[in-house]
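protein_4.txt (compact mmCIF, C-alpha atoms)
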# COMPACT_ATOMS: atom_id res chain seq x y z
CA MET Z 124 114.39 -201.75 -73.00
CA ALA Z 125 111.20 -200.62 -74.75
CA THR Z 126 109.62 -202.99 -77.21
CA GLN Z 127 109.09 -201.61 -80.70
CA HIS Z 128 105.76 -202.23 -82.37
CA PRO Z 129 106.16 -201.86 -86.12
CA SER Z 130 103.11 -200.70 -88.01
CA SER Z 131 101.17 -203.28 -90.00
CA ALA Z 132 100.53 -200.78 -92.85
CA PRO Z 133 102.72 -201.35 -95.92
CA PRO Z 134 105.26 -198.66 -96.67
CA ALA Z 135 104.35 -196.02 -99.25
CA PRO Z 136 105.67 -196.85 -102.71
CA ALA Z 137 108.66 -194.85 -103.87
CA ARG Z 138 107.74 -192.13 -106.31
CA SER Z 139 109.79 -191.76 -109.46
CA ALA Z 140 111.08 -188.30 -110.17
CA PRO Z 141 109.07 -186.49 -112.87
CA TYR Z 142 110.72 -186.00 -116.21
CA PRO Z 143 112.30 -182.53 -116.44
CA MET Z 144 110.49 -179.99 -118.57
CA ALA Z 145 112.22 -177.62 -120.96
CA LYS Z 146 112.34 -173.87 -120.59
CA PRO Z 147 109.60 -171.81 -122.26
CA GLY Z 148 110.34 -171.76 -125.97
CA TYR Z 149 111.96 -175.21 -126.05
CA GLY Z 150 110.90 -178.81 -125.81
CA LYS Z 151 108.66 -181.38 -127.45
CA ARG Z 152 105.66 -180.53 -129.63
CA THR Z 153 103.38 -183.24 -130.99
CA ALA Z 154 102.47 -183.09 -134.67
CA PRO Z 155 98.76 -183.29 -135.56
CA ASP Z 156 96.74 -186.05 -137.27
CA GLN Z 157 98.50 -189.03 -135.73
CA HIS Z 158 97.23 -192.57 -135.43
CA PRO Z 159 96.34 -193.78 -131.91
CA ARG Z 160 98.92 -195.74 -129.99
CA ALA Z 161 99.18 -199.42 -130.89
CA PRO Z 162 101.44 -202.30 -129.84
CA HIS Z 163 103.05 -202.46 -133.29
CA ASP Z 164 104.26 -198.81 -133.22
CA PHE Z 165 107.88 -198.50 -134.36
CA ALA Z 166 108.00 -202.23 -135.12
CA LEU Z 167 110.07 -201.68 -138.28
CA LEU Z 168 112.82 -199.78 -136.44
CA PRO Z 169 115.94 -201.38 -134.92
CA THR Z 170 115.94 -202.23 -131.24
CA ARG Z 171 117.74 -199.10 -130.04
CA GLU Z 172 115.67 -196.71 -132.16
CA ARG Z 173 112.46 -198.49 -131.14
CA TYR Z 174 113.40 -198.13 -127.48
CA VAL Z 175 114.17 -194.40 -127.78
CA ALA Z 176 111.07 -193.76 -129.91
CA GLY Z 177 108.78 -195.43 -127.40
CA PHE Z 178 110.25 -193.34 -124.60
CA VAL Z 179 109.95 -190.05 -126.50
CA ASP Z 180 106.40 -190.85 -127.61
CA HIS Z 181 105.21 -191.01 -123.98
CA LEU Z 182 106.85 -187.75 -122.92
CA PRO Z 183 104.48 -184.83 -122.17
CA GLU Z 184 104.27 -181.63 -124.18
CA GLY Z 185 107.18 -179.30 -123.50
CA ALA Z 186 109.47 -182.03 -122.18
CA ALA Z 187 113.22 -181.50 -122.54
CA MET Z 188 114.49 -183.12 -125.73
CA SER Z 189 118.22 -182.53 -125.51
CA VAL Z 190 120.52 -185.48 -126.03
CA LYS Z 191 122.07 -185.01 -122.59
CA GLN Z 192 118.71 -185.02 -120.82
CA LEU Z 193 117.43 -188.04 -122.71
CA ALA Z 194 120.62 -189.99 -121.96
CA LYS Z 195 120.13 -189.33 -118.24
CA GLN Z 196 116.70 -190.97 -118.37
CA LEU Z 197 117.68 -193.91 -120.59
CA PRO Z 198 120.07 -196.15 -118.64
CA LEU Z 199 120.78 -198.51 -121.55
CA TYR Z 200 122.38 -195.96 -123.89
CA GLY Z 201 124.76 -193.03 -123.62
CA GLN Z 202 124.69 -189.63 -125.29
CA GLN Z 203 126.36 -190.80 -128.51
CA ALA Z 204 123.92 -193.68 -128.91
CA VAL Z 205 120.92 -191.43 -128.20
CA SER Z 206 122.17 -188.85 -130.70
CA THR Z 207 122.53 -191.54 -133.38
CA ALA Z 208 119.05 -192.86 -132.57
CA LEU Z 209 117.49 -189.40 -132.91
CA THR Z 210 119.18 -188.98 -136.29
CA ALA Z 211 117.75 -192.31 -137.42
CA LEU Z 212 114.28 -191.27 -136.18
CA SER Z 213 114.57 -188.04 -138.15
CA VAL Z 214 115.42 -189.99 -141.31
CA ALA Z 215 112.49 -192.34 -140.63
CA GLY Z 216 110.13 -189.34 -140.53
CA HIS Z 217 109.26 -189.23 -136.82
CA LEU Z 218 111.18 -186.13 -135.72
CA ARG Z 219 112.09 -182.60 -136.84
CA ARG Z 220 114.01 -179.95 -134.90
CA VAL Z 221 112.93 -176.40 -135.82
CA ARG Z 222 113.55 -172.81 -134.78
CA CYS Z 223 111.47 -169.66 -135.27
CA SER Z 224 112.11 -165.97 -134.59
CA VAL Z 225 109.84 -164.17 -132.12
CA ASP Z 226 109.71 -160.42 -131.64
CA ALA Z 227 110.46 -159.39 -128.04
CA GLY Z 228 110.30 -155.61 -128.00
CA ASP Z 229 113.33 -154.11 -129.69
CA GLU Z 230 115.06 -157.48 -129.92
CA THR Z 231 114.42 -160.71 -131.79
CA ARG Z 232 114.81 -163.98 -129.96
CA TRP Z 233 114.74 -167.52 -131.31
CA VAL Z 234 112.61 -170.31 -129.88
CA PHE Z 235 113.42 -173.96 -130.48
CA ARG Z 236 111.03 -176.89 -130.69
CA THR Z 237 111.22 -180.58 -131.51
CA PHE Z 238 108.21 -181.80 -133.47
CA TRP Z 239 107.40 -185.44 -132.84
CA SER Z 240 105.10 -187.68 -134.87
CA ARG Z 241 104.23 -191.22 -133.87
CA THR Z 242 103.14 -191.78 -137.46
CA ALA Z 243 106.09 -191.69 -139.87
CA ARG Z 244 105.84 -188.77 -142.32
CA ASP Z 245 107.64 -188.15 -145.59
CA ASN Z 246 109.53 -184.99 -146.50
CA GLU Z 247 106.61 -183.53 -148.46
CA TRP Z 248 104.30 -183.79 -145.44
CA TRP Z 249 106.83 -182.16 -143.12
CA ASN Z 250 107.55 -179.34 -145.59
CA THR Z 251 103.85 -178.64 -146.06
CA TYR Z 252 103.07 -178.71 -142.35
CA LEU Z 253 106.01 -176.53 -141.31
CA ALA Z 254 104.91 -173.91 -143.86
CA THR Z 255 101.44 -173.59 -142.32
CA GLU Z 256 100.44 -170.90 -139.85
CA LYS Z 257 99.49 -173.53 -137.26
CA ALA Z 258 103.05 -174.81 -137.07
CA THR Z 259 104.36 -171.25 -136.73
CA GLN Z 260 101.99 -170.51 -133.86
CA THR Z 261 102.92 -173.80 -132.19
CA VAL Z 262 106.61 -172.93 -132.32
CA SER Z 263 106.36 -169.28 -131.29
CA SER Z 264 103.81 -169.76 -128.49
CA THR Z 265 105.36 -169.44 -125.02
CA PRO Z 266 103.61 -169.20 -121.67
CA ASP Z 267 103.33 -165.68 -120.36
CA THR Z 268 103.46 -166.61 -116.68
CA PRO Z 269 106.83 -167.79 -115.35
CA ALA Z 270 107.12 -171.12 -113.67
CA PRO Z 271 106.91 -171.06 -109.88
CA THR Z 272 110.26 -171.07 -108.18
CA THR Z 273 109.17 -173.17 -105.23
CA ALA Z 274 107.55 -176.56 -105.48
CA SER Z 275 104.31 -177.25 -103.66
CA PRO Z 276 104.55 -179.48 -100.58
CA PRO Z 277 104.08 -183.20 -101.29
CA PRO Z 278 100.73 -184.72 -100.37
CA TRP Z 279 102.30 -187.04 -97.85
CA ALA Z 280 103.66 -184.14 -95.80
CA SER Z 281 102.78 -184.48 -92.14
CA ALA Z 282 99.87 -182.41 -90.96
CA GLU Z 283 101.63 -181.85 -87.63
CA LYS Z 284 104.12 -179.48 -89.30
CA ALA Z 285 101.37 -177.13 -90.42
CA PRO Z 286 100.84 -174.13 -88.15
CA PRO Z 287 97.84 -174.49 -85.81
CA PRO Z 288 94.78 -172.55 -86.93
CA ALA Z 289 93.99 -169.36 -85.09
CA PRO Z 290 91.18 -169.68 -82.53
CA GLU Z 291 87.89 -168.38 -83.83
CA ALA Z 292 86.27 -165.53 -82.00
CA PRO Z 293 82.90 -166.14 -80.33
CA ALA Z 294 79.85 -165.39 -82.42
CA THR Z 295 78.70 -162.68 -80.02
CA GLU Z 296 81.92 -160.69 -80.31
CA GLN Z 297 82.59 -158.37 -83.23
CA ALA Z 298 85.89 -157.27 -84.59
CA PRO Z 299 86.71 -153.71 -83.60
CA GLU Z 300 86.26 -151.23 -86.40
CA PRO Z 301 89.33 -149.26 -87.49
CA PRO Z 302 89.38 -145.72 -86.20
CA ALA Z 303 88.15 -143.15 -88.64
CA ILE Z 304 90.77 -140.82 -90.10
CA PRO Z 305 89.76 -137.19 -89.61
CA HIS Z 306 89.67 -134.97 -92.68
CA GLN Z 307 92.52 -132.55 -92.95
CA ARG Z 308 91.65 -128.92 -93.08
CA ILE Z 309 93.36 -126.81 -95.68
CA PRO Z 310 93.76 -123.23 -94.55
CA ALA Z 311 92.13 -120.75 -96.86
CA ARG Z 312 94.49 -118.43 -98.70
CA ALA Z 313 94.12 -114.73 -98.34
CA PRO Z 314 92.42 -113.10 -101.36
CA ASP Z 315 95.29 -110.73 -101.97
CA ALA Z 316 97.94 -113.44 -101.77
CA GLN Z 317 99.69 -114.07 -105.05
CA PRO Z 318 101.35 -117.37 -106.01
CA ALA Z 319 105.08 -117.42 -105.71
CA PRO Z 320 106.90 -117.00 -109.04
CA PRO Z 321 108.55 -120.14 -110.38
CA ALA Z 322 112.23 -120.54 -109.70
CA PRO Z 323 114.49 -119.92 -112.69
CA ASN Z 324 115.59 -123.06 -114.52
CA THR Z 325 119.29 -123.10 -113.76
CA ALA Z 326 119.74 -126.86 -113.62
CA PRO Z 327 121.63 -128.47 -116.52
CA ALA Z 328 119.73 -130.37 -119.17
CA THR Z 329 118.83 -133.90 -118.16
CA PRO Z 330 117.80 -136.75 -120.43
CA ARG Z 331 114.12 -137.23 -120.99
CA THR Z 332 113.32 -140.32 -119.01
CA SER Z 333 110.13 -142.05 -118.13
CA GLU Z 334 109.24 -144.06 -115.10
CA ALA Z 335 110.87 -147.12 -116.71
CA GLY Z 336 114.19 -145.32 -117.32
CA PRO Z 337 115.97 -143.67 -120.25
CA SER Z 338 114.66 -144.20 -123.75
CA PRO Z 339 116.26 -146.81 -126.06
CA ALA Z 340 117.67 -144.03 -128.26
CA TYR Z 341 119.37 -142.36 -125.27
CA LEU Z 342 120.85 -145.67 -124.09
CA ALA Z 343 122.15 -146.48 -127.59
CA LEU Z 344 123.97 -143.15 -127.73
CA ALA Z 345 125.33 -143.53 -124.20
CA ARG Z 346 126.81 -146.96 -125.01
CA LEU Z 347 128.74 -145.73 -128.03
CA GLY Z 348 131.59 -144.46 -125.85
CA ARG Z 349 131.94 -147.84 -124.15
CA ASP Z 350 132.21 -149.62 -127.49
CA ASP Z 351 134.62 -147.04 -128.97
CA HIS Z 352 136.32 -144.37 -126.82
CA ARG Z 353 136.42 -142.01 -129.80
CA LEU Z 354 132.63 -141.56 -129.52
CA THR Z 355 132.42 -140.78 -125.81
CA LEU Z 356 129.44 -138.47 -125.16
CA SER Z 357 128.33 -136.53 -122.12
CA ALA Z 358 124.82 -136.63 -120.69
CA ALA Z 359 124.02 -133.29 -122.34
CA ASP Z 360 125.30 -134.57 -125.71
CA CYS Z 361 123.11 -137.69 -125.47
CA THR Z 362 120.09 -135.52 -124.66
CA ALA Z 363 120.76 -133.24 -127.63
CA LEU Z 364 121.12 -136.16 -130.08
CA GLU Z 365 118.30 -138.25 -128.63
CA PRO Z 366 115.50 -136.83 -130.88
CA GLN Z 367 117.45 -137.69 -134.06
CA ALA Z 368 118.27 -141.20 -132.85
CA ALA Z 369 114.61 -141.70 -131.89
CA GLN Z 370 113.63 -140.86 -135.49
CA TRP Z 371 115.84 -143.73 -136.67
CA LEU Z 372 114.14 -146.19 -134.33
CA ALA Z 373 110.71 -144.85 -135.34
CA ARG Z 374 111.51 -145.81 -138.95
CA GLY Z 375 111.87 -149.47 -138.06
CA VAL Z 376 115.63 -149.92 -137.61
CA THR Z 377 117.10 -151.83 -134.70
CA ILE Z 378 119.58 -150.73 -132.05
CA ASP Z 379 122.32 -152.82 -133.71
CA TYR Z 380 121.66 -151.17 -137.08
CA LEU Z 381 121.84 -147.70 -135.51
CA THR Z 382 125.08 -148.52 -133.70
CA SER Z 383 126.70 -149.99 -136.81
CA ALA Z 384 125.76 -146.98 -138.93
CA LEU Z 385 127.26 -144.56 -136.40
CA THR Z 386 130.48 -146.47 -135.75
CA ALA Z 387 131.36 -147.69 -139.27
CA GLY Z 388 134.43 -146.14 -140.92
CA LEU Z 389 135.52 -143.83 -138.10
CA PRO Z 390 138.63 -141.71 -138.64
CA ALA Z 391 141.72 -142.35 -136.57
CA GLN Z 392 141.03 -139.30 -134.38
CA VAL Z 393 137.65 -137.70 -133.64
CA ASP Z 394 137.90 -134.16 -132.33
CA SER Z 395 134.15 -133.57 -131.83
CA PRO Z 396 132.16 -136.77 -131.23
CA VAL Z 397 128.85 -134.91 -130.89
CA GLY Z 398 129.41 -133.06 -134.17
CA LEU Z 399 130.36 -136.21 -136.05
CA LEU Z 400 127.37 -138.14 -134.73
CA ARG Z 401 124.97 -135.27 -135.47
CA ARG Z 402 126.20 -135.18 -139.05
CA ARG Z 403 125.87 -138.96 -139.45
CA LEU Z 404 122.42 -139.03 -137.90
CA THR Z 405 121.33 -136.40 -140.42
CA ASP Z 406 123.07 -137.71 -143.55
CA LYS Z 407 122.41 -141.43 -143.02
CA MET Z 408 118.77 -141.15 -141.98
CA PRO Z 409 117.08 -144.36 -143.25
CA PRO Z 410 114.03 -144.08 -145.51
CA ARG Z 411 110.56 -144.25 -144.04
CA LEU Z 412 108.83 -147.44 -145.05
CA PRO Z 413 105.11 -147.40 -145.96
CA THR Z 414 102.82 -147.96 -143.02
CA GLY Z 415 100.36 -150.13 -144.94
CA SER Z 416 99.84 -153.56 -143.42
CA PRO Z 417 101.41 -156.40 -145.43
CA SER Z 418 99.22 -158.86 -147.22
CA PRO Z 419 98.49 -162.17 -145.47
CA GLY Z 420 100.58 -164.08 -148.01
CA SER Z 421 103.67 -161.89 -147.72
CA PRO Z 422 106.75 -163.21 -145.87
CA ALA Z 423 106.63 -160.31 -143.38
CA SER Z 424 103.21 -161.35 -142.07
CA ALA Z 425 104.49 -164.59 -140.53
CA HIS Z 426 107.75 -165.82 -139.10
CA ARG Z 427 109.42 -168.45 -141.22
CA ILE Z 428 110.35 -171.70 -139.57
CA LEU Z 429 113.88 -172.99 -140.04
CA VAL Z 430 114.65 -176.68 -139.67
CA GLU Z 431 117.78 -177.69 -137.77
CA CYS Z 432 119.93 -180.57 -138.87
CA THR Z 433 119.29 -183.33 -136.34
CA ASP Z 434 122.96 -184.34 -136.45
CA CYS Z 435 124.95 -181.07 -136.44
CA GLY Z 436 122.28 -178.41 -135.74
CA ARG Z 437 122.84 -176.40 -138.94
CA PRO Z 438 119.67 -174.39 -139.75
CA GLY Z 439 118.03 -174.11 -143.13
CA PRO Z 440 114.67 -174.07 -144.93
CA PRO Z 441 112.66 -177.32 -144.72
CA GLU Z 442 113.07 -178.10 -148.40
CA ALA Z 443 116.89 -177.85 -148.11
CA LEU Z 444 117.09 -180.43 -145.29
CA PRO Z 445 115.37 -183.63 -146.47
CA ASP Z 446 115.09 -186.23 -143.71
CA GLY Z 447 116.05 -183.44 -141.29
CA LEU Z 448 119.72 -183.62 -142.32
CA CYS Z 449 121.93 -181.10 -144.08
CA ARG Z 450 123.91 -182.08 -147.17
CA PRO Z 451 127.26 -182.84 -145.42
CA CYS Z 452 125.60 -184.98 -142.75
CA ARG Z 453 123.43 -186.74 -145.32
CA THR Z 454 126.51 -187.45 -147.44
CA ALA Z 455 128.48 -188.74 -144.45
CA ARG Z 456 125.57 -190.95 -143.41
CA SER Z 457 125.14 -192.50 -146.85
CA GLY Z 458 128.89 -193.14 -147.11
CA ALA Z 459 129.08 -191.95 -150.73
CA ALA Z 460 128.89 -188.68 -152.57
CA GLU Z 461 125.46 -187.49 -153.66
CA ASN Z 462 126.65 -186.71 -157.21
CA PRO Z 463 129.03 -189.50 -158.27
CA PRO Z 464 131.26 -188.76 -161.26
CA SER Z 465 129.94 -189.73 -164.66
CA PRO Z 466 131.73 -192.32 -166.85
CA ALA Z 467 132.90 -189.55 -169.19
CA GLU Z 468 134.56 -187.70 -166.30
CA ILE Z 469 136.27 -190.90 -165.16
CA ALA Z 470 137.58 -191.48 -168.70
CA ASP Z 471 138.93 -187.93 -168.90
CA VAL Z 472 140.80 -188.37 -165.62
CA LYS Z 473 142.34 -191.63 -166.80
CA ALA Z 474 143.42 -190.06 -170.09
CA HIS Z 475 144.97 -187.12 -168.23
CA MET Z 476 146.92 -189.44 -165.92
CA THR Z 477 148.16 -191.50 -168.91
CA ASN Z 478 149.37 -188.32 -170.58
CA LEU Z 479 151.24 -187.28 -167.41
CA ARG Z 480 152.94 -190.67 -167.17
CA GLY Z 481 154.04 -190.37 -170.81
CA LEU Z 482 155.54 -186.96 -170.18
CA LEU Z 483 157.45 -188.25 -167.16
CA LYS Z 484 158.92 -191.14 -169.15
CA SER Z 485 160.13 -188.82 -171.93
CA VAL Z 486 162.07 -186.58 -169.53
Mind converting the file's structure to structure tokens?
Amino acid sequence: MATQHPSSAPPAPARSAPYPMAKPGYGKRTAPDQHPRAPHDFALLPTRERYVAGFVDHLPEGAAMSVKQLAKQLPLYGQQAVSTALTALSVAGHLRRVRCSVDAGDETRWVFRTFWSRTARDNEWWNTYLATEKATQTVSSTPDTPAPTTASPPPWASAEKAPPPAPEAPATEQAPEPPAIPHQRIPARAPDAQPAPPAPNTAPATPRTSEAGPSPAYLALARLGRDDHRLTLSAADCTALEPQAAQWLARGVTIDYLTSALTAGLPAQVDSPVGLLRRRLTDKMPPRLPTGSPSPGSPASAHRILVECTDCGRPGPPEALPDGLCRPCRTARSGAAENPPSPAEIADVKAHMTNLRGLLKSV
């Protein structure tokens, strides 16, 4: 039996799995102008909130901030406890969940961020910061390059698994040059030869397409029949109506607006879908907006940030969600109504009930 000789080198330490990162457009974003880390950070918070805050504070930029993902990494608390802790951190001024619209071609998509501040901020500071252009750019910025689908090999991978390098050629030898491609000779045409006449255009009309495919106006018309069978169009019909639909899109309307305008209030039976749509495209043509660029202070020049309620996720303007909570969640958290009845209202109710009791006794 062979004797085993264990190595005297200590085993490599186990590596902890990296914290999962969020998809582009989501995740943690650190607020500016924070104090440096100190041992007394979050000292005024309860134990659970202090534990969650310390963990979130050390997460990298773009880390996943969902309750489910945080609960997976925090073994002491479950999803309900983590959700309650995040709500308390929002009330304490450390956290805000926001969303912002980003133009993506003909569509508008929403990106979601979680702003985190080690230094507790009041509602006025959050409202002022979220209204700045810097906060809007921080929310709407997404990396252009997609994340790699395959992970790089770990550094401790064995070098024996790598393919052996190809043997180098001697210095005296030279790589053979590729053979030269001879020039093709084009036979000269006779002087009296005439070009052949073009073939008559007998093919049916086809939609004007580019290398990327049909235009958005053509696709919007083609999909009408799938949404409502009364507006089924042929390929020739879509080609004939495409210029009018393209004028709608050129005036700034979206595909959904065009579809809604063409399908609203249809009769029970449509005998000529192409005639009906041609009439609607002509009569309901939207107005052309001025092409002048909006002023820097106008709402159209920047995307407005909406704050999400940390508890239920309801969106709203920053000033309508103090402490990052909507009115129902803030009322449920306080345990009492925000506007308690006045003493005069209480007296009126008591007088009304006394009157009802007197009427019941007299019956």
**Request:** Just the residues within 12 Å of Ala443 in chain Z, please, counting all atoms listed in the file, with nothing from its chain fewer than 3 positions along; format it as a ChimeraX atom specification.
**Result:** /Z:246-247,250,429-432,437-440,446-451,453
| request: Within 7 Å of Thr355 in chain Z, counting all atoms listed in the file, which residues show up once you throw out same-chain ones fewer than 6 positions away? Write them as a VMD selection string, please. | output: chain Z and resid 347 to 348 396
Practice task
Show which residues sit within 9 Å of Arg236 in chain Z, as a list in words. Count all atoms listed in the file, and ignore same-chain residues fewer than 4 positions away.
Solution key: Gly148, Tyr149, Gly150, Lys151, Arg152, Gly185, Met188, Arg219, Arg220, Val221, Arg222, Cys223, Thr261, Val262 and Ser263 of chain Z
* Asked: What is the CA of Thr382 in chain Z-CA of Ala343 in chain Z distance in Å, reported with one decimal?
  ->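 Computing the Euclidean distance for CA of Thr382 in chain Z and CA of Ala343 in chain Z yields 7.1 Å.
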Neighbours of Glu172 in chain Z within 9 Å (only C-alpha atoms; same-chain residues fewer than 3 positions away dropped), as a JSON list (two decimals) with C-alpha atoms, in the coordinates of the input?
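Okay, this is what ended up in selection.json:
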[["chain", "number", "residue", "atom", "x", "y", "z"],
["Z", 165, "PHE", "CA", 107.88, -198.50, -134.36],
["Z", 168, "LEU", "CA", 112.82, -199.78, -136.44],
["Z", 169, "PRO", "CA", 115.94, -201.38, -134.92],
["Z", 175, "VAL", "CA", 114.17, -194.40, -127.78],
["Z", 176, "ALA", "CA", 111.07, -193.76, -129.91],
["Z", 177, "GLY", "CA", 108.78, -195.43, -127.40],
["Z", 205, "VAL", "CA", 120.92, -191.43, -128.20],
["Z", 207, "THR", "CA", 122.53, -191.54, -133.38],
["Z", 208, "ALA", "CA", 119.05, -192.86, -132.57],
["Z", 209, "LEU", "CA", 117.49, -189.40, -132.91],
["Z", 211, "ALA", "CA", 117.75, -192.31, -137.42],
["Z", 212, "LEU", "CA", 114.28, -191.27, -136.18]]
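Distances from Z:Asp245, Z:Glu184, Z:Asp350, Z:Glu468 to Lys146 in chain Z were compared using all atoms listed in the file, and the smallest one belongs to Z:Glu184.
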Which centre and which edge lengths, in Å to one decimal, describe the axis-aligned box that holds all listed atoms of range 432-436 of chain Z after 4 Å is added on each side, as JSON?
{"center_x": 122.1, "center_y": -181.4, "center_z": -137.3, "size_x": 13.7, "size_y": 13.9, "size_z": 11.1}
Of Z:Met408, Z:His181, Z:Gln392, Z:Val397, the one nearest to Ala373 in chain Z when counting all atoms listed in the file is Z:Met408
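Taking CA of Leu364 in chain Z and CA of Arg401 in chain Z as the two end points, the separation is 6.7 Å.
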**Message:** Given all atoms listed in the file as the basis, pick out the residue of Z:Cys361, Z:Leu354, Z:Leu381, Z:Ala387 nearest to Pro337 in chain Z.
**Reply:**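 Once distances to Pro337 in chain Z are computed over all atoms listed in the file, the minimum belongs to Z:Cys361.
One distance worth recording is that between CA of Pro155 in chain Z and CA of Arg171 in chain Z, which is 25.3 Å.
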Min atom-atom distance to Val376 in chain Z from the set Z:Lys484, Z:Arg411, Z:His217, Z:Lys195, counting all atoms listed in the file, belongs to Z:Arg411
Q: Give the answer as one residue: which of Z:Leu482, Z:Ala186, Z:Leu344, Z:Ala166 has the shortest atom-to-atom distance to Thr386 in chain Z, using only C-alpha atoms?
A: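 Counting only C-alpha atoms, the residue closest to Thr386 in chain Z is Z:Leu344.
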**Q.** Long-range neighbours of Val190 in chain Z as a count of residues only, 7 Å cut-off, all atoms listed in the file, 2 positions minimum in chain
**A.** 7
